[in-house]
file my_file.tsv (TSV, N, CA, C and O atoms and all ligand atoms)
chain	number	residue	atom	x	y	z
J	27	MET	N	-36.69	47.65	-74.97
J	27	MET	CA	-35.85	46.57	-74.42
J	27	MET	C	-35.84	45.39	-75.40
J	27	MET	O	-36.86	45.11	-76.02
J	28	PRO	N	-34.70	44.71	-75.55
J	28	PRO	CA	-34.65	43.61	-76.53
J	28	PRO	C	-35.55	42.44	-76.14
J	28	PRO	O	-35.76	42.18	-74.95
J	29	LEU	N	-36.06	41.75	-77.15
J	29	LEU	CA	-36.86	40.55	-76.94
J	29	LEU	C	-35.94	39.34	-76.97
J	29	LEU	O	-35.08	39.23	-77.84
J	30	HIS	N	-36.14	38.45	-76.01
J	30	HIS	CA	-35.35	37.23	-75.96
J	30	HIS	C	-36.29	36.04	-76.11
J	30	HIS	O	-37.24	35.89	-75.34
J	31	ARG	N	-36.05	35.20	-77.11
J	31	ARG	CA	-36.96	34.08	-77.39
J	31	ARG	C	-36.94	33.05	-76.26
J	31	ARG	O	-35.86	32.70	-75.75
J	32	VAL	N	-38.13	32.60	-75.88
J	32	VAL	CA	-38.25	31.55	-74.87
J	32	VAL	C	-38.44	30.21	-75.56
J	32	VAL	O	-37.65	29.27	-75.38
J	33	CYS	N	-39.51	30.08	-76.35
J	33	CYS	CA	-39.83	28.83	-77.03
J	33	CYS	C	-41.05	29.09	-77.91
J	33	CYS	O	-41.63	30.17	-77.86
J	34	ALA	N	-41.42	28.08	-78.67
J	34	ALA	CA	-42.67	28.17	-79.41
J	34	ALA	C	-43.83	28.15	-78.41
J	34	ALA	O	-43.73	27.52	-77.35
J	35	PHE	N	-44.92	28.82	-78.76
J	35	PHE	CA	-46.08	28.88	-77.86
J	35	PHE	C	-46.55	27.46	-77.50
J	35	PHE	O	-46.92	27.18	-76.36
J	36	SER	N	-46.50	26.56	-78.47
J	36	SER	CA	-46.97	25.19	-78.25
J	36	SER	C	-46.09	24.41	-77.28
J	36	SER	O	-46.50	23.37	-76.75
J	37	GLU	N	-44.88	24.91	-77.03
J	37	GLU	CA	-43.96	24.20	-76.13
J	37	GLU	C	-44.14	24.60	-74.66
J	37	GLU	O	-43.43	24.09	-73.79
J	38	LEU	N	-45.05	25.53	-74.40
J	38	LEU	CA	-45.30	25.93	-73.01
J	38	LEU	C	-46.81	25.83	-72.74
J	38	LEU	O	-47.54	26.81	-72.77
J	39	PRO	N	-47.27	24.62	-72.49
J	39	PRO	CA	-48.71	24.42	-72.29
J	39	PRO	C	-49.17	24.95	-70.93
J	39	PRO	O	-48.34	25.27	-70.06
J	40	VAL	N	-50.45	25.04	-70.76
J	40	VAL	CA	-51.04	25.45	-69.47
J	40	VAL	C	-50.47	24.56	-68.37
J	40	VAL	O	-50.41	23.34	-68.51
J	41	GLY	N	-50.01	25.19	-67.30
J	41	GLY	CA	-49.40	24.44	-66.19
J	41	GLY	C	-47.91	24.22	-66.37
J	41	GLY	O	-47.26	23.69	-65.48
J	42	GLY	N	-47.37	24.65	-67.51
J	42	GLY	CA	-45.96	24.41	-67.78
J	42	GLY	C	-45.07	25.55	-67.33
J	42	GLY	O	-45.54	26.64	-67.00
J	43	VAL	N	-43.77	25.27	-67.30
J	43	VAL	CA	-42.78	26.29	-66.97
J	43	VAL	C	-41.53	26.04	-67.81
J	43	VAL	O	-41.19	24.88	-68.07
J	44	LYS	N	-40.89	27.11	-68.25
J	44	LYS	CA	-39.62	27.03	-68.98
J	44	LYS	C	-38.60	27.86	-68.24
J	44	LYS	O	-38.89	28.96	-67.77
J	45	ARG	N	-37.39	27.33	-68.17
J	45	ARG	CA	-36.28	28.06	-67.54
J	45	ARG	C	-35.28	28.37	-68.64
J	45	ARG	O	-34.83	27.46	-69.33
J	46	ILE	N	-34.96	29.64	-68.79
J	46	ILE	CA	-34.05	30.01	-69.88
J	46	ILE	C	-32.98	30.97	-69.38
J	46	ILE	O	-33.17	31.69	-68.40
J	47	GLY	N	-31.86	30.97	-70.10
J	47	GLY	CA	-30.86	32.02	-69.97
J	47	GLY	C	-30.03	31.96	-68.71
J	47	GLY	O	-30.15	31.11	-67.86
J	48	GLU	N	-29.13	32.94	-68.65
J	48	GLU	CA	-28.23	33.09	-67.51
J	48	GLU	C	-27.99	34.58	-67.33
J	48	GLU	O	-27.45	35.20	-68.25
J	49	PRO	N	-28.39	35.21	-66.26
J	49	PRO	CA	-29.08	34.60	-65.12
J	49	PRO	C	-30.45	34.09	-65.53
J	49	PRO	O	-31.09	34.69	-66.40
J	50	PRO	N	-30.88	32.98	-64.93
J	50	PRO	CA	-32.08	32.29	-65.42
J	50	PRO	C	-33.38	33.05	-65.15
J	50	PRO	O	-33.54	33.70	-64.12
J	51	ILE	N	-34.27	32.91	-66.12
J	51	ILE	CA	-35.62	33.46	-66.02
J	51	ILE	C	-36.58	32.28	-66.13
J	51	ILE	O	-36.37	31.38	-66.95
J	52	ALA	N	-37.60	32.28	-65.30
J	52	ALA	CA	-38.63	31.23	-65.34
J	52	ALA	C	-39.89	31.83	-65.96
J	52	ALA	O	-40.34	32.90	-65.55
J	53	VAL	N	-40.42	31.13	-66.96
J	53	VAL	CA	-41.62	31.59	-67.64
J	53	VAL	C	-42.72	30.56	-67.39
J	53	VAL	O	-42.54	29.37	-67.68
J	54	PHE	N	-43.81	31.01	-66.81
J	54	PHE	CA	-44.91	30.13	-66.39
J	54	PHE	C	-46.13	30.38	-67.27
J	54	PHE	O	-46.44	31.52	-67.61
J	55	ASN	N	-46.84	29.30	-67.57
J	55	ASN	CA	-48.16	29.40	-68.20
J	55	ASN	C	-49.20	28.99	-67.16
J	55	ASN	O	-49.32	27.82	-66.81
J	56	VAL	N	-49.91	29.99	-66.65
J	56	VAL	CA	-50.93	29.74	-65.62
J	56	VAL	C	-52.29	29.99	-66.26
J	56	VAL	O	-52.65	31.15	-66.53
J	57	GLU	N	-53.00	28.92	-66.55
J	57	GLU	CA	-54.34	29.05	-67.15
J	57	GLU	C	-54.31	29.92	-68.40
J	57	GLU	O	-55.23	30.71	-68.63
J	58	GLY	N	-53.23	29.82	-69.16
J	58	GLY	CA	-53.14	30.57	-70.41
J	58	GLY	C	-52.54	31.95	-70.27
J	58	GLY	O	-52.29	32.63	-71.27
J	59	LYS	N	-52.27	32.38	-69.02
J	59	LYS	CA	-51.58	33.66	-68.80
J	59	LYS	C	-50.10	33.39	-68.60
J	59	LYS	O	-49.73	32.49	-67.85
J	60	LEU	N	-49.27	34.17	-69.27
J	60	LEU	CA	-47.82	33.94	-69.19
J	60	LEU	C	-47.17	34.94	-68.24
J	60	LEU	O	-47.48	36.14	-68.27
J	61	PHE	N	-46.29	34.43	-67.39
J	61	PHE	CA	-45.57	35.26	-66.42
J	61	PHE	C	-44.08	34.94	-66.51
J	61	PHE	O	-43.71	33.76	-66.62
J	62	ALA	N	-43.24	35.94	-66.44
J	62	ALA	CA	-41.79	35.71	-66.42
J	62	ALA	C	-41.20	36.41	-65.20
J	62	ALA	O	-41.45	37.59	-64.95
J	63	ILE	N	-40.46	35.62	-64.42
J	63	ILE	CA	-39.79	36.17	-63.22
J	63	ILE	C	-38.36	35.65	-63.19
J	63	ILE	O	-38.03	34.64	-63.83
J	64	SER	N	-37.54	36.32	-62.41
J	64	SER	CA	-36.22	35.76	-62.14
J	64	SER	C	-36.40	34.39	-61.52
J	64	SER	O	-37.22	34.21	-60.62
J	65	ASP	N	-35.62	33.40	-61.99
J	65	ASP	CA	-35.81	32.03	-61.50
J	65	ASP	C	-35.23	31.83	-60.11
J	65	ASP	O	-35.51	30.83	-59.45
J	66	ILE	N	-34.42	32.77	-59.66
J	66	ILE	CA	-33.65	32.55	-58.42
J	66	ILE	C	-34.36	33.19	-57.23
J	66	ILE	O	-34.56	34.40	-57.18
J	67	CYS	N	-34.71	32.35	-56.27
J	67	CYS	CA	-35.36	32.84	-55.05
J	67	CYS	C	-34.45	33.84	-54.36
J	67	CYS	O	-33.22	33.64	-54.27
J	68	THR	N	-35.04	34.92	-53.85
J	68	THR	CA	-34.24	35.96	-53.20
J	68	THR	C	-33.82	35.57	-51.78
J	68	THR	O	-33.08	36.31	-51.13
J	69	HIS	N	-34.30	34.43	-51.28
J	69	HIS	CA	-33.90	34.00	-49.94
J	69	HIS	C	-32.58	33.24	-49.96
J	69	HIS	O	-31.60	33.68	-49.37
J	70	ALA	N	-32.54	32.11	-50.65
J	70	ALA	CA	-31.30	31.32	-50.66
J	70	ALA	C	-31.06	30.65	-52.00
J	70	ALA	O	-30.48	29.58	-52.07
J	71	GLU	N	-31.53	31.31	-53.04
J	71	GLU	CA	-31.14	30.97	-54.41
J	71	GLU	C	-31.65	29.64	-54.92
J	71	GLU	O	-31.04	29.02	-55.79
J	72	ALA	N	-32.77	29.15	-54.41
J	72	ALA	CA	-33.39	27.98	-55.02
J	72	ALA	C	-34.00	28.36	-56.36
J	72	ALA	O	-34.22	29.55	-56.65
J	73	SER	N	-34.27	27.35	-57.18
J	73	SER	CA	-34.84	27.58	-58.51
J	73	SER	C	-36.36	27.59	-58.43
J	73	SER	O	-36.99	26.55	-58.16
J	74	LEU	N	-36.95	28.75	-58.68
J	74	LEU	CA	-38.41	28.86	-58.53
J	74	LEU	C	-39.17	28.11	-59.62
J	74	LEU	O	-40.34	27.76	-59.43
J	75	SER	N	-38.50	27.81	-60.73
J	75	SER	CA	-39.17	27.02	-61.77
J	75	SER	C	-39.45	25.60	-61.28
J	75	SER	O	-40.24	24.88	-61.88
J	76	GLU	N	-38.81	25.20	-60.18
J	76	GLU	CA	-39.06	23.87	-59.61
J	76	GLU	C	-40.11	23.94	-58.50
J	76	GLU	O	-40.40	22.94	-57.84
J	77	GLY	N	-40.66	25.12	-58.28
J	77	GLY	CA	-41.63	25.30	-57.20
J	77	GLY	C	-43.04	24.95	-57.63
J	77	GLY	O	-43.32	24.68	-58.80
J	78	MET	N	-43.93	24.94	-56.65
J	78	MET	CA	-45.33	24.62	-56.92
J	78	MET	C	-46.09	25.91	-57.23
J	78	MET	O	-45.98	26.90	-56.50
J	79	VAL	N	-46.85	25.87	-58.31
J	79	VAL	CA	-47.67	27.02	-58.68
J	79	VAL	C	-49.05	26.86	-58.07
J	79	VAL	O	-49.65	25.78	-58.11
J	80	GLU	N	-49.53	27.95	-57.47
J	80	GLU	CA	-50.88	27.93	-56.89
J	80	GLU	C	-51.52	29.27	-57.24
J	80	GLU	O	-51.04	30.32	-56.81
J	81	GLY	N	-52.57	29.22	-58.04
J	81	GLY	CA	-53.12	30.47	-58.54
J	81	GLY	C	-52.04	31.21	-59.30
J	81	GLY	O	-51.32	30.60	-60.10
J	82	GLU	N	-51.91	32.49	-59.05
J	82	GLU	CA	-50.86	33.27	-59.72
J	82	GLU	C	-49.68	33.50	-58.78
J	82	GLU	O	-49.10	34.59	-58.72
J	83	THR	N	-49.36	32.44	-58.03
J	83	THR	CA	-48.19	32.49	-57.15
J	83	THR	C	-47.35	31.24	-57.35
J	83	THR	O	-47.82	30.24	-57.88
J	84	VAL	N	-46.09	31.33	-56.90
J	84	VAL	CA	-45.24	30.15	-56.90
J	84	VAL	C	-44.62	30.00	-55.51
J	84	VAL	O	-44.25	30.98	-54.87
J	85	HIS	N	-44.57	28.74	-55.05
J	85	HIS	CA	-44.00	28.43	-53.74
J	85	HIS	C	-42.55	27.97	-53.96
J	85	HIS	O	-42.31	27.02	-54.71
J	86	CYS	N	-41.61	28.63	-53.31
J	86	CYS	CA	-40.22	28.21	-53.43
J	86	CYS	C	-40.07	26.76	-52.95
J	86	CYS	O	-40.58	26.39	-51.90
J	87	PRO	N	-39.35	25.94	-53.74
J	87	PRO	CA	-39.25	24.52	-53.38
J	87	PRO	C	-38.37	24.26	-52.16
J	87	PRO	O	-38.44	23.19	-51.57
J	88	LEU	N	-37.57	25.27	-51.76
J	88	LEU	CA	-36.62	25.00	-50.67
J	88	LEU	C	-37.21	25.30	-49.29
J	88	LEU	O	-37.26	24.44	-48.43
J	89	HIS	N	-37.68	26.54	-49.09
J	89	HIS	CA	-38.22	26.89	-47.76
J	89	HIS	C	-39.64	27.41	-47.82
J	89	HIS	O	-40.16	27.90	-46.81
J	90	GLY	N	-40.24	27.37	-49.00
J	90	GLY	CA	-41.68	27.63	-49.09
J	90	GLY	C	-42.13	29.06	-49.18
J	90	GLY	O	-43.33	29.32	-49.10
J	91	ALA	N	-41.21	30.02	-49.34
J	91	ALA	CA	-41.67	31.40	-49.53
J	91	ALA	C	-42.57	31.45	-50.77
J	91	ALA	O	-42.35	30.72	-51.73
J	92	ILE	N	-43.56	32.31	-50.71
J	92	ILE	CA	-44.50	32.42	-51.83
J	92	ILE	C	-44.28	33.76	-52.52
J	92	ILE	O	-44.20	34.81	-51.86
J	93	PHE	N	-44.17	33.70	-53.85
J	93	PHE	CA	-43.98	34.91	-54.65
J	93	PHE	C	-45.18	35.11	-55.57
J	93	PHE	O	-45.73	34.15	-56.12
J	94	ASP	N	-45.57	36.37	-55.72
J	94	ASP	CA	-46.61	36.75	-56.67
J	94	ASP	C	-46.00	36.75	-58.07
J	94	ASP	O	-45.02	37.46	-58.33
J	95	LEU	N	-46.55	35.94	-58.98
J	95	LEU	CA	-45.98	35.83	-60.32
J	95	LEU	C	-46.16	37.11	-61.12
J	95	LEU	O	-45.41	37.37	-62.06
J	96	CYS	N	-47.15	37.90	-60.77
J	96	CYS	CA	-47.44	39.11	-61.52
J	96	CYS	C	-46.51	40.25	-61.11
J	96	CYS	O	-45.93	40.93	-61.95
J	97	THR	N	-46.35	40.43	-59.81
J	97	THR	CA	-45.57	41.57	-59.32
J	97	THR	C	-44.17	41.18	-58.86
J	97	THR	O	-43.32	42.05	-58.68
J	98	GLY	N	-43.94	39.90	-58.61
J	98	GLY	CA	-42.66	39.45	-58.08
J	98	GLY	C	-42.55	39.59	-56.57
J	98	GLY	O	-41.57	39.16	-55.96
J	99	GLU	N	-43.56	40.17	-55.94
J	99	GLU	CA	-43.52	40.43	-54.50
J	99	GLU	C	-43.39	39.13	-53.70
J	99	GLU	O	-44.02	38.12	-54.04
J	100	ALA	N	-42.58	39.17	-52.66
J	100	ALA	CA	-42.49	38.05	-51.72
J	100	ALA	C	-43.67	38.18	-50.76
J	100	ALA	O	-43.75	39.14	-49.99
J	101	LEU	N	-44.60	37.23	-50.81
J	101	LEU	CA	-45.83	37.34	-50.02
J	101	LEU	C	-45.68	36.74	-48.64
J	101	LEU	O	-46.44	37.09	-47.74
J	102	THR	N	-44.74	35.79	-48.49
J	102	THR	CA	-44.54	35.17	-47.19
J	102	THR	C	-43.05	34.98	-46.92
J	102	THR	O	-42.27	34.85	-47.86
J	103	PRO	N	-42.65	34.96	-45.63
J	103	PRO	CA	-41.27	34.66	-45.29
J	103	PRO	C	-40.95	33.19	-45.66
J	103	PRO	O	-41.89	32.41	-45.85
J	104	PRO	N	-39.70	32.79	-45.70
J	104	PRO	CA	-38.55	33.58	-45.26
J	104	PRO	C	-38.04	34.57	-46.31
J	104	PRO	O	-37.12	35.33	-46.00
J	105	ALA	N	-38.56	34.59	-47.52
J	105	ALA	CA	-38.09	35.60	-48.47
J	105	ALA	C	-38.70	36.95	-48.10
J	105	ALA	O	-39.84	37.02	-47.63
J	106	VAL	N	-37.92	37.99	-48.33
J	106	VAL	CA	-38.38	39.35	-48.05
J	106	VAL	C	-38.36	40.19	-49.33
J	106	VAL	O	-39.32	40.90	-49.64
J	107	ASP	N	-37.29	40.06	-50.08
J	107	ASP	CA	-37.14	40.87	-51.29
J	107	ASP	C	-37.90	40.25	-52.45
J	107	ASP	O	-37.99	39.03	-52.58
J	108	PRO	N	-38.44	41.10	-53.33
J	108	PRO	CA	-39.15	40.58	-54.50
J	108	PRO	C	-38.18	39.98	-55.51
J	108	PRO	O	-36.99	40.29	-55.50
J	109	VAL	N	-38.72	39.14	-56.39
J	109	VAL	CA	-37.96	38.71	-57.56
J	109	VAL	C	-38.31	39.66	-58.70
J	109	VAL	O	-39.41	40.24	-58.74
J	110	GLN	N	-37.37	39.81	-59.63
J	110	GLN	CA	-37.61	40.67	-60.78
J	110	GLN	C	-38.66	40.03	-61.70
J	110	GLN	O	-38.70	38.80	-61.82
J	111	THR	N	-39.48	40.84	-62.30
J	111	THR	CA	-40.45	40.36	-63.29
J	111	THR	C	-40.08	40.93	-64.66
J	111	THR	O	-39.41	41.96	-64.75
J	112	PHE	N	-40.55	40.24	-65.69
J	112	PHE	CA	-40.23	40.65	-67.07
J	112	PHE	C	-41.50	40.59	-67.90
J	112	PHE	O	-42.29	39.64	-67.77
J	113	PRO	N	-41.70	41.57	-68.81
J	113	PRO	CA	-42.83	41.49	-69.72
J	113	PRO	C	-42.69	40.29	-70.66
J	113	PRO	O	-41.58	39.96	-71.09
J	114	VAL	N	-43.81	39.65	-70.94
J	114	VAL	CA	-43.84	38.51	-71.87
J	114	VAL	C	-44.60	38.95	-73.12
J	114	VAL	O	-45.65	39.58	-73.03
J	115	VAL	N	-44.06	38.61	-74.27
J	115	VAL	CA	-44.66	38.99	-75.54
J	115	VAL	C	-44.84	37.72	-76.37
J	115	VAL	O	-43.93	36.88	-76.42
J	116	VAL	N	-46.00	37.58	-77.01
J	116	VAL	CA	-46.21	36.48	-77.95
J	116	VAL	C	-46.33	37.08	-79.34
J	116	VAL	O	-47.16	37.97	-79.58
J	117	GLN	N	-45.47	36.63	-80.24
J	117	GLN	CA	-45.48	37.11	-81.62
J	117	GLN	C	-45.39	35.91	-82.55
J	117	GLN	O	-44.45	35.11	-82.44
J	118	GLU	N	-46.37	35.78	-83.43
J	118	GLU	CA	-46.35	34.72	-84.43
J	118	GLU	C	-46.06	33.36	-83.82
J	118	GLU	O	-45.18	32.61	-84.26
J	119	ASN	N	-46.80	33.05	-82.73
J	119	ASN	CA	-46.70	31.75	-82.06
J	119	ASN	C	-45.36	31.47	-81.40
J	119	ASN	O	-45.01	30.33	-81.14
J	120	GLU	N	-44.60	32.54	-81.14
J	120	GLU	CA	-43.35	32.41	-80.39
J	120	GLU	C	-43.47	33.25	-79.13
J	120	GLU	O	-44.05	34.34	-79.15
J	121	ILE	N	-42.88	32.74	-78.04
J	121	ILE	CA	-42.91	33.47	-76.77
J	121	ILE	C	-41.56	34.15	-76.56
J	121	ILE	O	-40.50	33.53	-76.75
J	122	TYR	N	-41.62	35.40	-76.15
J	122	TYR	CA	-40.39	36.17	-75.87
J	122	TYR	C	-40.53	36.85	-74.51
J	122	TYR	O	-41.64	37.16	-74.07
J	123	VAL	N	-39.40	37.12	-73.88
J	123	VAL	CA	-39.39	38.00	-72.71
J	123	VAL	C	-38.60	39.25	-73.07
J	123	VAL	O	-37.66	39.20	-73.87
J	124	GLU	N	-39.02	40.37	-72.50
J	124	GLU	CA	-38.28	41.61	-72.68
J	124	GLU	C	-37.27	41.71	-71.55
J	124	GLU	O	-37.63	41.80	-70.38
J	125	VAL	N	-36.00	41.67	-71.94
J	125	VAL	CA	-34.95	41.69	-70.92
J	125	VAL	C	-33.72	42.36	-71.51
J	125	VAL	O	-33.44	42.20	-72.71
J	126	ASP	N	-33.00	43.12	-70.69
J	126	ASP	CA	-31.83	43.84	-71.17
J	126	ASP	C	-30.77	42.90	-71.72
J	126	ASP	O	-30.30	43.06	-72.82
J	127	ALA	N	-30.36	41.94	-70.92
J	127	ALA	CA	-29.29	41.05	-71.35
J	127	ALA	C	-29.48	39.69	-70.69
J	127	ALA	O	-29.69	39.61	-69.49
J	128	VAL	N	-29.39	38.66	-71.50
J	128	VAL	CA	-29.44	37.31	-70.96
J	128	VAL	C	-28.68	36.42	-71.93
J	128	VAL	O	-28.78	36.57	-73.14
J	129	ASP	N	-27.85	35.54	-71.40
J	129	ASP	CA	-27.11	34.63	-72.28
J	129	ASP	C	-27.98	33.44	-72.61
J	129	ASP	O	-28.90	33.10	-71.87
J	130	GLU	N	-27.68	32.79	-73.74
J	130	GLU	CA	-28.43	31.60	-74.14
J	130	GLU	C	-28.18	30.47	-73.16
J	130	GLU	O	-27.13	30.34	-72.62
J	201	LIG	S1	-34.56	29.51	-50.94
J	201	LIG	FE1	-36.57	30.16	-51.39
J	201	LIG	S2	-37.49	30.40	-49.44
J	201	LIG	FE2	-35.47	29.78	-49.01
call {"tool": "encode", "arguments": {"input": "my_file.tsv", "output": "structure tokens"}}
result
Amino acid sequence: MPLHRVCAFSELPVGGVKRIGEPPIAVFNVEGKLFAISDICTHAEASLSEGMVEGETVHCPLHGAIFDLCTGEALTPPAVDPVQTFPVVVQENEIYVEVDAVDE
């Protein structure tokens, strides 16, 4: 699968999040672990990059559904369907996500 550049590693510090592309992908740095998920909540399309991160989960900012950043699973209602997850690759201090197609 093609690699899509997110940013330099230094631009995504611990606790940070980057939103890239269209359809948007949110890339989180949680305690040095990188996670990439679809940015769009499966309940009513809020932006999960604006949500609160707790452990390896993110709380949707609109109605509070919690998603597992690792698996994309919706852990609590009102969301039911998972969000898509993407592999994250770090090469030469650059962060990439593996994704079929995403616009800049
Ligand atoms: S839009 Fe995310 S829980 Fe409703």
call {"tool": "axis_aligned_box", "arguments": {"input": "my_file.tsv", "around": "segment 43-49 of chain J", "padding_each_side": "5 Å", "output": "lines of an AutoDock Vina configuration file"}}
result
center_x = -35.6
center_y = 30.0
center_z = -67.6
size_x = 26.3
size_y = 20.3
size_z = 15.0
call {"tool": "residues_near_point", "arguments": {"input": "my_file.tsv", "point": "(-41.4, 41.8, -73.3)", "cutoff": "8 Å", "atoms": "only N, CA, C and O atoms", "output": "list in words"}}
result
Met27, Pro28, Leu29, His30, Phe112, Pro113, Val114, Val115, Val116, Tyr122, Val123, Glu124 and Val125 of chain J
call {"tool": "residues_near_ligand", "arguments": {"input": "my_file.tsv", "ligand": "ligand LIG 201 (chain J)", "cutoff": "4.5 Å", "atoms": "all atoms listed in the file", "output": "ChimeraX atom specification"}}
result
/J:69-72,89-91
call {"tool": "select_by_dssp", "arguments": {"input": "my_file.tsv", "residues": "segment 29-125 of chain J", "states": "helix (DSSP H, G or I)", "output": "PyMOL selection string"}}
result
chain J and resi 35-37+74-76
call {"tool": "closest_residue", "arguments": {"input": "my_file.tsv", "among": "J:Leu95, J:Leu101, J:Val128, J:Ile121", "to": "Lys44 of chain J", "atoms": "only C-alpha atoms"}}
result
J:Ile121
call {"tool": "residues_around", "arguments": {"input": "my_file.tsv", "residues": "segment 47-63 of chain J", "least_positions_apart": "5", "cutoff": "6 Å", "atoms": "only N, CA, C and O atoms", "output": "list of chain:residue names"}}
result
J:Leu38, J:Pro39, J:Val40, J:Gly41, J:Gly42, J:Ser75, J:Gly81, J:Leu95, J:Val109, J:Gln110, J:Thr111, J:Phe112, J:Pro113, J:Val114, J:Ala127, J:Val128, J:Asp129, J:Glu130
call {"tool": "select_by_dssp", "arguments": {"input": "my_file.tsv", "residues": "segment 45-115 of chain J", "states": "strand (DSSP E or B)", "output": "ChimeraX atom specification"}}
result
/J:45-46,48,51-56,59-64,66,73,78-80,83-85,92-94,100,111-112,114-115
call {"tool": "atom_distance", "arguments": {"input": "my_file.tsv", "atom1": "atom CA of Ala100 of chain J", "atom2": "atom CA of Val43 of chain J"}}
result
19.3 Å
